[in-house]
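Peer 1: What follows is the file run-v4.cif, containing mmCIF, C-alpha atoms:
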```cif
data_my_file
loop_
_atom_site.label_atom_id
_atom_site.label_comp_id
_atom_site.auth_asym_id
_atom_site.auth_seq_id
_atom_site.Cartn_x
_atom_site.Cartn_y
_atom_site.Cartn_z
CA MET U 1 -312.69 -10.06 -27.91
CA ILE U 2 -309.42 -8.37 -28.90
CA TYR U 3 -307.50 -6.35 -26.31
CA PRO U 4 -305.13 -4.01 -28.21
CA TYR U 5 -304.52 -1.66 -25.28
CA PHE U 6 -304.21 -4.10 -22.37
CA THR U 7 -302.19 -7.21 -21.67
CA ILE U 8 -304.61 -10.08 -21.13
CA ASP U 9 -303.23 -13.61 -21.09
CA PRO U 10 -304.70 -15.88 -23.80
CA SER U 11 -306.02 -18.28 -21.14
CA ILE U 12 -308.03 -15.46 -19.58
CA GLN U 13 -309.27 -14.31 -22.96
CA GLU U 14 -310.48 -17.83 -23.72
CA ALA U 15 -312.22 -18.08 -20.35
CA GLY U 16 -313.89 -14.74 -21.05
CA ARG U 17 -315.07 -15.97 -24.44
CA ARG U 18 -316.62 -19.09 -22.90
CA ALA U 19 -318.27 -16.95 -20.23
CA MET U 20 -319.83 -14.68 -22.84
CA GLU U 21 -321.16 -17.65 -24.82
CA ALA U 22 -322.94 -18.98 -21.75
CA LEU U 23 -324.48 -15.65 -20.75
CA GLY U 24 -326.87 -15.09 -23.67
CA PRO U 25 -330.08 -16.07 -21.82
CA VAL U 26 -328.91 -14.27 -18.67
CA PHE U 27 -328.31 -11.02 -20.53
CA ALA U 28 -331.65 -11.33 -22.31
CA LYS U 29 -333.46 -11.44 -18.95
CA ILE U 30 -331.48 -8.44 -17.68
CA GLU U 31 -332.39 -6.49 -20.82
CA GLU U 32 -336.07 -7.30 -20.33
CA ILE U 33 -336.03 -5.88 -16.80
CA THR U 34 -333.96 -2.88 -17.86
CA ASP U 35 -336.37 -2.06 -20.68
CA TYR U 36 -339.34 -2.23 -18.31
CA ASN U 37 -337.70 0.00 -15.71
CA GLN U 38 -336.47 2.50 -18.28
CA GLN U 39 -340.01 2.86 -19.61
CA LYS U 40 -341.22 3.33 -16.06
CA MET U 41 -338.66 6.08 -15.52
CA MET U 42 -339.73 7.78 -18.75
CA ALA U 43 -343.32 7.69 -17.51
CA ALA U 44 -342.18 9.16 -14.18
CA PHE U 45 -340.54 12.13 -15.93
CA SER U 46 -343.64 12.65 -18.07
CA ALA U 47 -346.02 12.48 -15.09
CA ALA U 48 -343.92 15.06 -13.19
CA ARG U 49 -343.86 17.31 -16.29
CA VAL U 50 -340.09 17.78 -15.96
CA SER U 51 -338.84 20.86 -17.79
CA GLU U 52 -335.61 22.81 -18.05
CA SER U 53 -336.89 25.24 -15.47
CA HIS U 54 -336.65 22.47 -12.87
CA PHE U 55 -332.85 22.53 -13.20
CA ALA U 56 -332.54 26.08 -11.87
CA ALA U 57 -330.58 26.57 -8.64
CA SER U 58 -332.11 27.85 -5.44
CA THR U 59 -330.26 29.39 -2.52
CA GLY U 60 -330.94 30.38 1.06
CA TYR U 61 -334.02 28.68 2.46
CA GLY U 62 -334.93 27.21 -0.91
CA TYR U 63 -338.59 28.17 -0.64
CA GLY U 64 -340.64 27.28 -3.71
CA ASP U 65 -337.95 25.14 -5.36
CA ARG U 66 -340.02 23.54 -8.13
CA GLY U 67 -337.20 21.27 -9.23
CA ARG U 68 -336.83 19.80 -5.76
CA ASP U 69 -340.53 19.01 -5.65
CA ALA U 70 -340.58 17.53 -9.17
CA LEU U 71 -337.60 15.31 -8.37
CA ASP U 72 -339.50 13.92 -5.39
CA GLN U 73 -342.41 13.16 -7.71
CA VAL U 74 -340.17 11.36 -10.22
CA TYR U 75 -338.72 9.07 -7.58
CA ALA U 76 -342.10 8.46 -5.95
CA PHE U 77 -343.53 7.34 -9.30
CA ALA U 78 -340.50 5.18 -10.18
CA PHE U 79 -340.50 3.51 -6.77
CA GLY U 80 -344.27 3.06 -6.53
CA ALA U 81 -344.36 5.27 -3.44
CA GLU U 82 -346.96 7.67 -2.11
CA ASP U 83 -344.16 10.16 -1.54
CA ALA U 84 -340.39 10.51 -1.68
CA LEU U 85 -337.73 12.74 -0.18
CA VAL U 86 -334.71 13.06 -2.50
CA ARG U 87 -331.94 15.39 -1.41
CA HIS U 88 -328.34 16.12 -2.32
CA ASN U 89 -327.62 16.78 1.37
CA PHE U 90 -328.08 13.18 2.38
CA VAL U 91 -324.36 12.55 2.67
CA CYS U 92 -324.58 8.76 2.20
CA GLY U 93 -326.99 5.85 2.32
CA THR U 94 -326.41 5.37 6.04
CA HIS U 95 -327.42 9.01 6.57
CA ALA U 96 -330.68 8.50 4.68
CA LEU U 97 -331.40 5.35 6.70
CA THR U 98 -330.56 7.18 9.93
CA VAL U 99 -332.91 10.06 9.14
CA ALA U 100 -335.65 7.54 8.35
CA LEU U 101 -335.10 5.62 11.60
CA PHE U 102 -334.99 8.74 13.78
CA GLY U 103 -337.88 10.19 11.80
CA VAL U 104 -340.36 7.45 12.68
CA LEU U 105 -339.06 5.85 15.90
CA ARG U 106 -339.62 7.34 19.35
CA PRO U 107 -338.28 6.63 22.85
CA GLY U 108 -339.68 3.33 24.09
CA ASP U 109 -340.23 1.94 20.58
CA THR U 110 -338.68 -1.36 19.52
CA MET U 111 -336.96 -1.96 16.19
CA LEU U 112 -336.73 -5.63 15.21
CA SER U 113 -334.17 -6.50 12.53
CA VAL U 114 -335.32 -9.71 10.86
CA THR U 115 -332.30 -10.11 8.59
CA GLY U 116 -329.69 -10.51 11.28
CA LEU U 117 -327.05 -7.95 12.15
CA PRO U 118 -327.29 -4.86 9.92
CA TYR U 119 -324.47 -3.53 7.77
CA ASP U 120 -321.38 -2.36 9.70
CA THR U 121 -321.95 1.40 9.45
CA LEU U 122 -325.52 1.15 10.76
CA GLN U 123 -324.45 -0.64 13.92
CA SER U 124 -323.16 2.57 15.50
CA VAL U 125 -326.42 4.31 14.54
CA ILE U 126 -328.37 1.70 16.47
CA GLY U 127 -325.91 1.70 19.37
CA LEU U 128 -324.49 -1.78 18.86
CA SER U 129 -320.94 -0.47 18.39
CA GLY U 130 -319.00 2.72 19.02
CA ASN U 131 -319.52 4.93 22.06
CA GLY U 132 -323.27 5.24 21.57
CA ASN U 133 -323.19 9.01 21.34
CA GLY U 134 -326.31 10.11 19.43
CA SER U 135 -327.43 6.54 18.74
CA LEU U 136 -330.97 5.20 18.80
CA LYS U 137 -330.07 3.38 22.00
CA GLU U 138 -329.12 6.65 23.69
CA PHE U 139 -332.54 8.01 22.74
CA GLY U 140 -334.33 5.06 24.30
CA VAL U 141 -335.13 3.05 21.19
CA ARG U 142 -334.79 -0.68 21.83
CA TYR U 143 -333.19 -3.01 19.32
CA GLU U 144 -333.96 -6.69 18.83
CA GLN U 145 -332.81 -9.14 16.20
CA VAL U 146 -333.91 -12.31 14.45
CA ASP U 147 -330.92 -14.09 13.00
CA LEU U 148 -330.98 -15.62 9.57
CA LYS U 149 -331.00 -19.39 9.23
CA ALA U 150 -327.76 -21.28 8.69
CA ASP U 151 -328.20 -21.06 4.92
CA GLY U 152 -328.58 -17.27 5.09
CA THR U 153 -332.32 -17.19 4.36
CA PRO U 154 -334.98 -15.50 6.53
CA ASP U 155 -336.23 -17.47 9.53
CA TYR U 156 -339.99 -17.01 9.14
CA GLY U 157 -340.75 -19.35 12.03
CA GLU U 158 -338.69 -17.31 14.46
CA MET U 159 -340.19 -14.10 13.08
CA ALA U 160 -343.67 -15.41 13.83
CA LYS U 161 -342.63 -15.91 17.45
CA ARG U 162 -340.89 -12.55 17.87
CA ILE U 163 -343.26 -10.17 16.06
CA HIS U 164 -346.04 -9.13 18.43
CA PRO U 165 -348.70 -6.43 18.80
CA GLY U 166 -347.16 -3.12 19.77
CA LEU U 167 -343.88 -3.70 17.91
CA LYS U 168 -343.08 -0.43 16.15
CA MET U 169 -340.77 -1.50 13.33
CA VAL U 170 -339.69 -4.57 11.40
CA TYR U 171 -336.39 -3.73 9.70
CA ILE U 172 -335.13 -5.52 6.60
CA GLN U 173 -331.72 -5.23 4.95
CA ARG U 174 -332.21 -6.28 1.35
CA SER U 175 -328.58 -6.63 0.33
CA ARG U 176 -326.03 -9.01 1.79
CA GLY U 177 -323.54 -6.42 3.02
CA TYR U 178 -320.21 -8.02 3.89
CA SER U 179 -321.74 -11.47 4.23
CA LEU U 180 -322.40 -14.40 1.96
CA ARG U 181 -326.11 -14.69 2.61
CA PRO U 182 -328.48 -14.29 -0.35
CA SER U 183 -329.90 -10.84 -1.02
CA LEU U 184 -333.67 -10.57 -0.75
CA PHE U 185 -336.06 -10.44 -3.65
CA VAL U 186 -339.11 -8.20 -3.37
CA GLU U 187 -341.29 -11.31 -3.14
CA GLU U 188 -339.45 -12.40 0.01
CA ILE U 189 -339.78 -8.89 1.44
CA GLY U 190 -343.50 -9.15 0.70
CA ARG U 191 -343.74 -12.37 2.70
CA ILE U 192 -342.01 -10.72 5.67
CA ALA U 193 -344.25 -7.65 5.39
CA ALA U 194 -347.40 -9.77 5.33
CA LEU U 195 -346.27 -11.69 8.41
CA ALA U 196 -345.37 -8.47 10.22
CA LYS U 197 -348.74 -6.88 9.59
CA GLU U 198 -350.59 -10.02 10.58
CA LYS U 199 -348.73 -10.32 13.89
CA ALA U 200 -348.34 -6.60 14.65
CA PRO U 201 -351.01 -4.50 12.93
CA GLY U 202 -349.78 -0.96 12.37
CA CYS U 203 -346.10 -1.83 12.60
CA ILE U 204 -343.77 -0.07 10.13
CA VAL U 205 -341.94 -2.33 7.68
CA MET U 206 -338.75 -0.53 6.67
CA VAL U 207 -336.26 -1.68 4.03
CA ASP U 208 -332.63 -0.76 3.50
CA ASN U 209 -332.91 -0.91 -0.28
CA CYS U 210 -329.27 -0.09 -1.09
CA TYR U 211 -327.95 -1.92 -4.18
CA GLY U 212 -331.43 -3.27 -4.99
CA GLU U 213 -333.10 -0.43 -6.89
CA PHE U 214 -334.19 -1.29 -10.46
CA VAL U 215 -332.78 -4.82 -10.25
CA GLN U 216 -336.32 -6.21 -10.43
CA LYS U 217 -339.39 -4.72 -12.10
CA GLU U 218 -340.93 -3.71 -8.78
CA GLU U 219 -339.60 -2.24 -5.55
CA PRO U 220 -340.31 -3.37 -1.96
CA LEU U 221 -343.10 -0.80 -1.55
CA ALA U 222 -345.21 -2.72 -4.06
CA TYR U 223 -344.96 -5.77 -1.81
CA GLY U 224 -346.07 -4.26 1.48
CA ALA U 225 -343.05 -2.31 2.75
CA ASP U 226 -343.97 1.06 4.25
CA LEU U 227 -340.66 2.87 4.00
CA MET U 228 -337.33 2.40 2.24
CA ALA U 229 -334.14 4.37 1.84
CA GLY U 230 -330.90 4.34 -0.09
CA SER U 231 -328.02 6.23 -1.65
CA LEU U 232 -327.87 8.16 -4.92
CA ILE U 233 -324.26 7.14 -5.53
CA LYS U 234 -325.53 3.59 -5.88
CA ASN U 235 -328.16 2.38 -8.37
CA PRO U 236 -330.71 5.23 -8.35
CA GLY U 237 -328.19 7.97 -9.10
CA GLY U 238 -327.21 6.36 -12.40
CA GLY U 239 -323.53 7.24 -11.99
CA VAL U 240 -324.38 10.91 -12.55
CA ALA U 241 -325.61 12.08 -9.14
CA PRO U 242 -322.53 13.43 -7.31
CA THR U 243 -323.98 12.76 -3.85
CA GLY U 244 -327.33 12.36 -2.10
CA GLY U 245 -329.89 9.87 -0.97
CA TYR U 246 -333.60 9.17 -0.85
CA ILE U 247 -336.39 8.07 1.44
CA ALA U 248 -339.63 6.80 -0.12
CA GLY U 249 -342.85 5.25 1.09
CA ARG U 250 -346.03 6.15 2.92
CA ARG U 251 -346.77 9.87 2.80
CA ASP U 252 -347.13 10.32 6.55
CA LEU U 253 -343.85 8.53 7.25
CA VAL U 254 -341.95 10.48 4.62
CA GLU U 255 -343.30 13.69 6.15
CA SER U 256 -341.98 12.65 9.55
CA CYS U 257 -338.60 11.96 7.98
CA ALA U 258 -338.61 15.42 6.37
CA TYR U 259 -339.15 16.95 9.81
CA ARG U 260 -336.14 15.04 11.07
CA LEU U 261 -333.99 16.10 8.10
CA THR U 262 -334.75 19.80 8.57
CA THR U 263 -337.02 20.97 11.40
CA PRO U 264 -340.52 20.17 12.65
CA GLY U 265 -342.89 22.49 10.87
CA THR U 266 -340.65 23.33 7.91
CA GLY U 267 -339.86 19.81 6.73
CA ARG U 268 -339.57 19.48 2.96
CA GLU U 269 -340.50 23.12 2.30
CA VAL U 270 -336.92 24.27 2.93
CA GLY U 271 -333.56 23.21 1.58
CA ALA U 272 -331.76 24.99 -1.24
CA THR U 273 -330.71 22.76 -4.13
CA LEU U 274 -327.69 24.93 -5.08
CA GLY U 275 -327.74 23.81 -8.71
CA ALA U 276 -327.66 20.06 -8.03
CA ASN U 277 -331.06 19.36 -9.59
CA ARG U 278 -329.87 18.81 -13.15
CA GLU U 279 -327.43 16.06 -12.17
CA LEU U 280 -329.97 14.39 -9.89
CA PHE U 281 -332.62 14.35 -12.62
CA MET U 282 -330.13 13.08 -15.19
CA GLY U 283 -328.92 10.40 -12.79
CA ALA U 284 -332.45 9.19 -12.20
CA PHE U 285 -333.04 9.02 -15.95
CA HIS U 286 -329.93 6.89 -16.50
CA ALA U 287 -330.44 4.72 -13.41
CA PRO U 288 -332.36 1.76 -14.90
CA HIS U 289 -329.92 1.39 -17.81
CA VAL U 290 -326.81 1.75 -15.67
CA THR U 291 -328.19 -0.78 -13.18
CA GLY U 292 -328.63 -3.21 -16.07
CA GLU U 293 -325.01 -2.67 -17.12
CA ALA U 294 -323.88 -3.35 -13.55
CA LEU U 295 -325.90 -6.57 -13.52
CA LYS U 296 -324.25 -7.72 -16.75
CA THR U 297 -320.84 -6.96 -15.27
CA ALA U 298 -321.72 -8.97 -12.16
CA ALA U 299 -322.93 -11.96 -14.18
CA PHE U 300 -319.81 -11.90 -16.37
CA THR U 301 -317.53 -11.71 -13.34
CA ALA U 302 -319.29 -14.73 -11.85
CA ALA U 303 -318.97 -16.72 -15.07
CA LEU U 304 -315.31 -15.75 -15.59
CA PHE U 305 -314.12 -16.67 -12.11
CA GLN U 306 -316.20 -19.81 -12.08
CA GLU U 307 -314.12 -20.81 -15.10
CA PHE U 308 -311.05 -20.69 -12.86
CA GLY U 309 -312.62 -22.81 -10.14
CA TYR U 310 -313.76 -20.16 -7.68
CA GLN U 311 -317.01 -20.29 -5.77
CA VAL U 312 -319.19 -17.31 -6.68
CA THR U 313 -322.46 -16.04 -5.31
CA PRO U 314 -324.77 -15.50 -7.05
CA THR U 315 -323.84 -17.97 -9.77
CA PRO U 316 -323.97 -16.61 -13.34
CA GLU U 317 -327.41 -18.06 -14.09
CA GLU U 318 -329.08 -17.19 -10.78
CA ALA U 319 -331.72 -14.48 -10.60
CA ARG U 320 -330.40 -11.40 -8.83
CA ALA U 321 -331.88 -9.19 -6.12
CA ASP U 322 -329.04 -6.64 -6.09
CA ILE U 323 -325.97 -5.66 -8.11
CA ILE U 324 -323.39 -7.24 -5.80
CA GLN U 325 -321.22 -10.13 -6.96
CA THR U 326 -319.14 -12.08 -4.47
CA VAL U 327 -316.07 -14.10 -5.43
CA LEU U 328 -314.56 -16.33 -2.75
CA LEU U 329 -310.83 -15.97 -3.34
CA ARG U 330 -309.68 -18.14 -0.40
CA ARG U 331 -306.45 -16.25 0.32
CA LYS U 332 -305.58 -12.75 1.53
CA GLU U 333 -302.99 -12.35 -1.25
CA SER U 334 -305.55 -13.32 -3.88
CA LEU U 335 -308.05 -10.79 -2.55
CA VAL U 336 -305.49 -7.99 -2.66
CA ALA U 337 -304.40 -8.94 -6.20
CA PHE U 338 -308.03 -9.09 -7.38
CA CYS U 339 -308.74 -5.58 -6.11
CA ARG U 340 -305.55 -4.22 -7.61
CA GLY U 341 -306.58 -5.62 -10.98
CA VAL U 342 -310.03 -4.03 -10.76
CA GLN U 343 -308.32 -0.71 -9.98
CA LYS U 344 -306.31 -1.00 -13.22
CA GLY U 345 -309.62 -1.17 -15.08
CA ALA U 346 -310.91 2.08 -13.62
CA PRO U 347 -311.11 5.28 -15.68
CA VAL U 348 -309.93 7.34 -12.69
CA ASP U 349 -306.77 6.55 -10.67
CA SER U 350 -306.00 3.42 -12.66
CA PHE U 351 -302.33 3.94 -11.74
CA VAL U 352 -303.05 3.76 -8.00
CA THR U 353 -302.26 0.59 -6.03
CA PRO U 354 -304.97 -0.18 -3.43
CA GLU U 355 -303.71 -0.99 0.06
CA PRO U 356 -305.66 -2.34 3.07
CA TRP U 357 -306.50 0.36 5.61
CA ASP U 358 -308.41 0.99 8.84
CA MET U 359 -311.69 2.27 7.42
CA PRO U 360 -314.02 4.10 9.86
CA GLY U 361 -317.01 1.98 10.90
CA TYR U 362 -315.40 -1.40 10.25
CA ASP U 363 -313.86 -3.89 12.66
CA SER U 364 -311.03 -5.04 10.38
CA GLN U 365 -308.88 -3.56 7.66
CA VAL U 366 -310.61 -3.03 4.32
CA ILE U 367 -309.18 -3.02 0.82
CA MET U 368 -311.07 -1.08 -1.80
CA ALA U 369 -310.66 -0.70 -5.54
CA ALA U 370 -312.68 2.30 -6.63
CA GLY U 371 -311.39 4.51 -9.40
CA ALA U 372 -314.58 6.49 -9.78
CA PHE U 373 -315.69 9.87 -11.10
CA THR U 374 -317.65 10.24 -7.86
CA LEU U 375 -315.76 9.32 -4.70
CA GLY U 376 -317.14 6.09 -3.23
CA ALA U 377 -319.81 5.61 -5.92
CA SER U 378 -320.71 1.93 -5.73
CA ILE U 379 -322.62 2.04 -9.02
CA GLU U 380 -319.28 2.64 -10.71
CA LEU U 381 -317.05 -0.41 -10.98
CA SER U 382 -315.59 -1.18 -7.57
CA ALA U 383 -314.47 -4.09 -5.45
CA ASP U 384 -313.94 -4.08 -1.74
CA ALA U 385 -313.69 -6.42 1.20
CA PRO U 386 -312.63 -6.66 4.82
CA LEU U 387 -309.43 -8.65 5.20
CA ARG U 388 -310.93 -11.58 7.06
CA GLU U 389 -312.15 -15.05 6.29
CA PRO U 390 -313.34 -16.18 3.77
CA TYR U 391 -311.31 -13.55 1.85
CA ALA U 392 -314.17 -12.84 -0.51
CA ALA U 393 -314.31 -9.85 -2.85
CA TRP U 394 -317.57 -7.96 -3.07
CA MET U 395 -317.71 -6.45 -6.54
CA GLN U 396 -320.39 -4.11 -7.80
CA GLY U 397 -321.16 -1.51 -10.40
CA GLY U 398 -320.05 -0.77 -13.92
CA LEU U 399 -321.32 2.33 -15.72
CA ASN U 400 -321.16 0.35 -18.93
CA PHE U 401 -320.66 -3.36 -19.46
CA HIS U 402 -317.68 -3.01 -21.81
CA SER U 403 -315.51 -1.32 -19.18
CA GLY U 404 -316.96 -3.52 -16.43
CA ARG U 405 -315.98 -6.67 -18.31
CA LEU U 406 -312.48 -5.30 -18.80
CA GLY U 407 -312.20 -4.68 -15.06
CA ALA U 408 -313.06 -8.31 -14.34
CA MET U 409 -310.52 -9.51 -16.91
CA LEU U 410 -307.81 -7.31 -15.42
CA ALA U 411 -308.62 -8.67 -11.95
CA ALA U 412 -307.93 -12.17 -13.25
CA GLN U 413 -304.78 -10.94 -15.02
CA SER U 414 -303.47 -9.37 -11.82
CA MET U 415 -303.96 -12.64 -9.96
CA LEU U 416 -302.26 -14.58 -12.76
CA GLU U 417 -299.22 -12.30 -12.67
CA GLU U 418 -298.92 -12.95 -8.93
CA GLY U 419 -299.11 -16.70 -9.51
CA LEU U 420 -302.41 -16.88 -7.64
CA LEU U 421 -305.12 -17.48 -10.25
CA GLY U 422 -306.97 -20.71 -9.58
CA LYS U 423 -305.08 -21.39 -6.33
#
```
For the file at hand, write its structure as structure tokens.

Peer 2:
Amino acid sequence: MIYPYFTIDPSIQEAGRRAMEALGPVFAKIEEITDYNQQKMMAAFSAARVSESHFAASTGYGYGDRGRDALDQVYAFAFGAEDALVRHNFVCGTHALTVALFGVLRPGDTMLSVTGLPYDTLQSVIGLSGNGNGSLKEFGVRYEQVDLKADGTPDYGEMAKRIHPGLKMVYIQRSRGYSLRPSLFVEEIGRIAALAKEKAPGCIVMVDNCYGEFVQKEEPLAYGADLMAGSLIKNPGGGVAPTGGYIAGRRDLVESCAYRLTTPGTGREVGATLGANRELFMGAFHAPHVTGEALKTAAFTAALFQEFGYQVTPTPEEARADIIQTVLLRRKESLVAFCRGVQKGAPVDSFVTPEPWDMPGYDSQVIMAAGAFTLGASIELSADAPLREPYAAWMQGGLNFHSGRLGAMLAAQSMLEEGLLGK
């Protein structure tokens, strides 16, 4: 590659060339999955008979919004769900997960997380951190946890002991969050779901599917999950959706979630779309392709930084269950330099210098590189991390591979200029 507009050291360019040479089979597999999922999305649009009239705005109560209903159908088809609830007024993925949890859990119920401690922002929802105001704990929902094994994989033996008749929910976080444990493939989720339903017939298997949509050919619902939720400014919004989230799964459970989102009795029948439909439809259409581009960016980043002696997870050739790439940078200064380099490769705010800050919902300072068209959109190229051991960067996204690759190269360049690359 030639870089006429950016200063990239020849040593980094050579490492990038070697990385690209090694990634041919990896990219071929990503393309195969992307092609499958893009065809599936095309079929979803066809089955829902999407037309220009579905892009019209509704106001007030939003009664009879055909576009809103068609969008639900598109996502339900694409996710293999009986039903889906897709709304621009889910303010983030944690909000969609919260609505789902409050929608199906009742006082006295027990929620068992079988993938260890959930992601930071969900801990206050459960009542594990914060003042507990409005949490599941305050409403009488009990929380229990099965920790992952030392290698970060699910502990099926302990699950078999802890899942029992009467348990209301088995909760699974698919992605690693700010940890180094492996993300879960749908086949592993299927094994957990089968165990849960054997030990506790009727229990709800719920999946936090953030970062995992369209990474494999199937979604968790095809492998026995009952309910899943996520954010539209991650994979399923395709970099076009300006906000929003989704809940998908069993029809009766989605209906209960709709009652929680609005009111019992009105549920999904109300909620003006205010002209957001067009962007949400377009984002869904682009989602499989954009997810594939993010996966290529992740694989390239892994291969590039492996060239400089860093431990990466997943490795370049590993199969992937989400779009997240972790690079263990070993030093605080290296982590900061990495993120500043990624920021230079952003189309928005490339001139900004990221600084660590006290981010709400986290127990340590966080540094974040995210020059995005949509604020906080993780499907766009970004890198972030809490400033704590092991000083790993969690990188994700890339609307197209060409700009994503450049971001990774600039991250290495930034570290080199600080005298930190490879140290």

Peer 1: Just so the selection is clear, what residues does the PyMOL selection byres ((chain U and resi 102) around 12) cover here, as number ranges by chain?

Peer 2: U: 95-101, 103-107, 109, 111, 125-126, 134-141, 169, 253-254, 256-261

Peer 1: Write out, as CSV, each residue of region 356-406 of chain U that has an atom at most 12 Å from region 323-333 of chain U, together with the closest pair of atoms and their distance in Å to one decimal, counting only C-alpha atoms, rows going by chain and rising number.

Peer 2:
```
residue,atom,partner,partner_atom,distance
U:Pro356,CA,U:Lys332,CA,10.5
U:Gln365,CA,U:Lys332,CA,11.5
U:Val366,CA,U:Lys332,CA,11.3
U:Ile367,CA,U:Lys332,CA,10.4
U:Ser378,CA,U:Ile323,CA,9.5
U:Ile379,CA,U:Ile323,CA,8.4
U:Glu380,CA,U:Ile323,CA,11.0
U:Leu381,CA,U:Ile324,CA,10.7
U:Ser382,CA,U:Ile324,CA,10.0
U:Ala383,CA,U:Gln325,CA,9.2
U:Asp384,CA,U:Thr326,CA,9.9
U:Ala385,CA,U:Thr326,CA,9.7
U:Pro386,CA,U:Lys332,CA,9.9
U:Leu387,CA,U:Lys332,CA,6.7
U:Arg388,CA,U:Lys332,CA,7.8
U:Glu389,CA,U:Arg330,CA,7.8
U:Pro390,CA,U:Arg330,CA,5.9
U:Tyr391,CA,U:Arg330,CA,5.4
U:Ala392,CA,U:Leu328,CA,4.2
U:Ala393,CA,U:Val327,CA,5.3
U:Trp394,CA,U:Thr326,CA,4.6
U:Met395,CA,U:Gln325,CA,5.1
U:Gln396,CA,U:Ile324,CA,4.8
U:Gly397,CA,U:Ile323,CA,6.8
U:Gly398,CA,U:Ile323,CA,9.6
U:Leu399,CA,U:Ile323,CA,12.0
```

Peer 1: Find the spatial neighbours of region 269-278 of chain U, counting all atoms listed in the file, within a cut-off of 7 Å - ignore same-chain residues fewer than 5 positions away - and output them as a PyMOL selection string.

Peer 2: chain U and resi 55-63+67-68+88

Peer 1: Measure the distance from CA of Gly230 (chain U) to CA of Cys210 (chain U) in Å and round it to one decimal.

Peer 2: 4.8 Å

Peer 1: Between U:Gly152, U:Gly422, U:Pro182, U:Gly80, which residue has the minimum interatomic distance to Ala44 (chain U), considering all atoms listed in the file?

Peer 2: U:Gly80

Peer 1: Calculate how many Å separate CA of Leu406 (chain U) from CA of Phe300 (chain U), rounding to one decimal.

Peer 2: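 Separating CA of Leu406 (chain U) from CA of Phe300 (chain U) is a distance of 10.2 Å.
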
Peer 1: Could you tell me which residues the PyMOL selection byres ((chain U and resi 90) around 9) grabs in this file, written as a PDB file with C-alpha atoms, keeping the file's coordinate frame?

Peer 2:
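Heads up, here's the output in part.pdb:
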```
ATOM      1  CA  VAL U  86    -334.710  13.060  -2.500  1.00  0.00           C
ATOM      2  CA  ARG U  87    -331.940  15.390  -1.410  1.00  0.00           C
ATOM      3  CA  HIS U  88    -328.340  16.120  -2.320  1.00  0.00           C
ATOM      4  CA  ASN U  89    -327.620  16.780   1.370  1.00  0.00           C
ATOM      5  CA  VAL U  91    -324.360  12.550   2.670  1.00  0.00           C
ATOM      6  CA  CYS U  92    -324.580   8.760   2.200  1.00  0.00           C
ATOM      7  CA  GLY U  93    -326.990   5.850   2.320  1.00  0.00           C
ATOM      8  CA  THR U  94    -326.410   5.370   6.040  1.00  0.00           C
ATOM      9  CA  HIS U  95    -327.420   9.010   6.570  1.00  0.00           C
ATOM     10  CA  ALA U  96    -330.680   8.500   4.680  1.00  0.00           C
ATOM     11  CA  VAL U  99    -332.910  10.060   9.140  1.00  0.00           C
ATOM     12  CA  SER U 231    -328.020   6.230  -1.650  1.00  0.00           C
ATOM     13  CA  LEU U 232    -327.870   8.160  -4.920  1.00  0.00           C
ATOM     14  CA  THR U 243    -323.980  12.760  -3.850  1.00  0.00           C
ATOM     15  CA  GLY U 244    -327.330  12.360  -2.100  1.00  0.00           C
ATOM     16  CA  GLY U 245    -329.890   9.870  -0.970  1.00  0.00           C
ATOM     17  CA  TYR U 246    -333.600   9.170  -0.850  1.00  0.00           C
ATOM     18  CA  LEU U 261    -333.990  16.100   8.100  1.00  0.00           C
TER      19      LEU U 261
END
```

Peer 1: Let me make sure I understand: among U:Glu317, U:Arg340, U:Phe77, U:Val312, which one has the smallest atom-to-atom distance to Glu219 (chain U) if we use only C-alpha atoms?

Peer 2: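 Of U:Glu317, U:Arg340, U:Phe77, U:Val312, the one nearest Glu219 (chain U) is U:Phe77, counting only C-alpha atoms.
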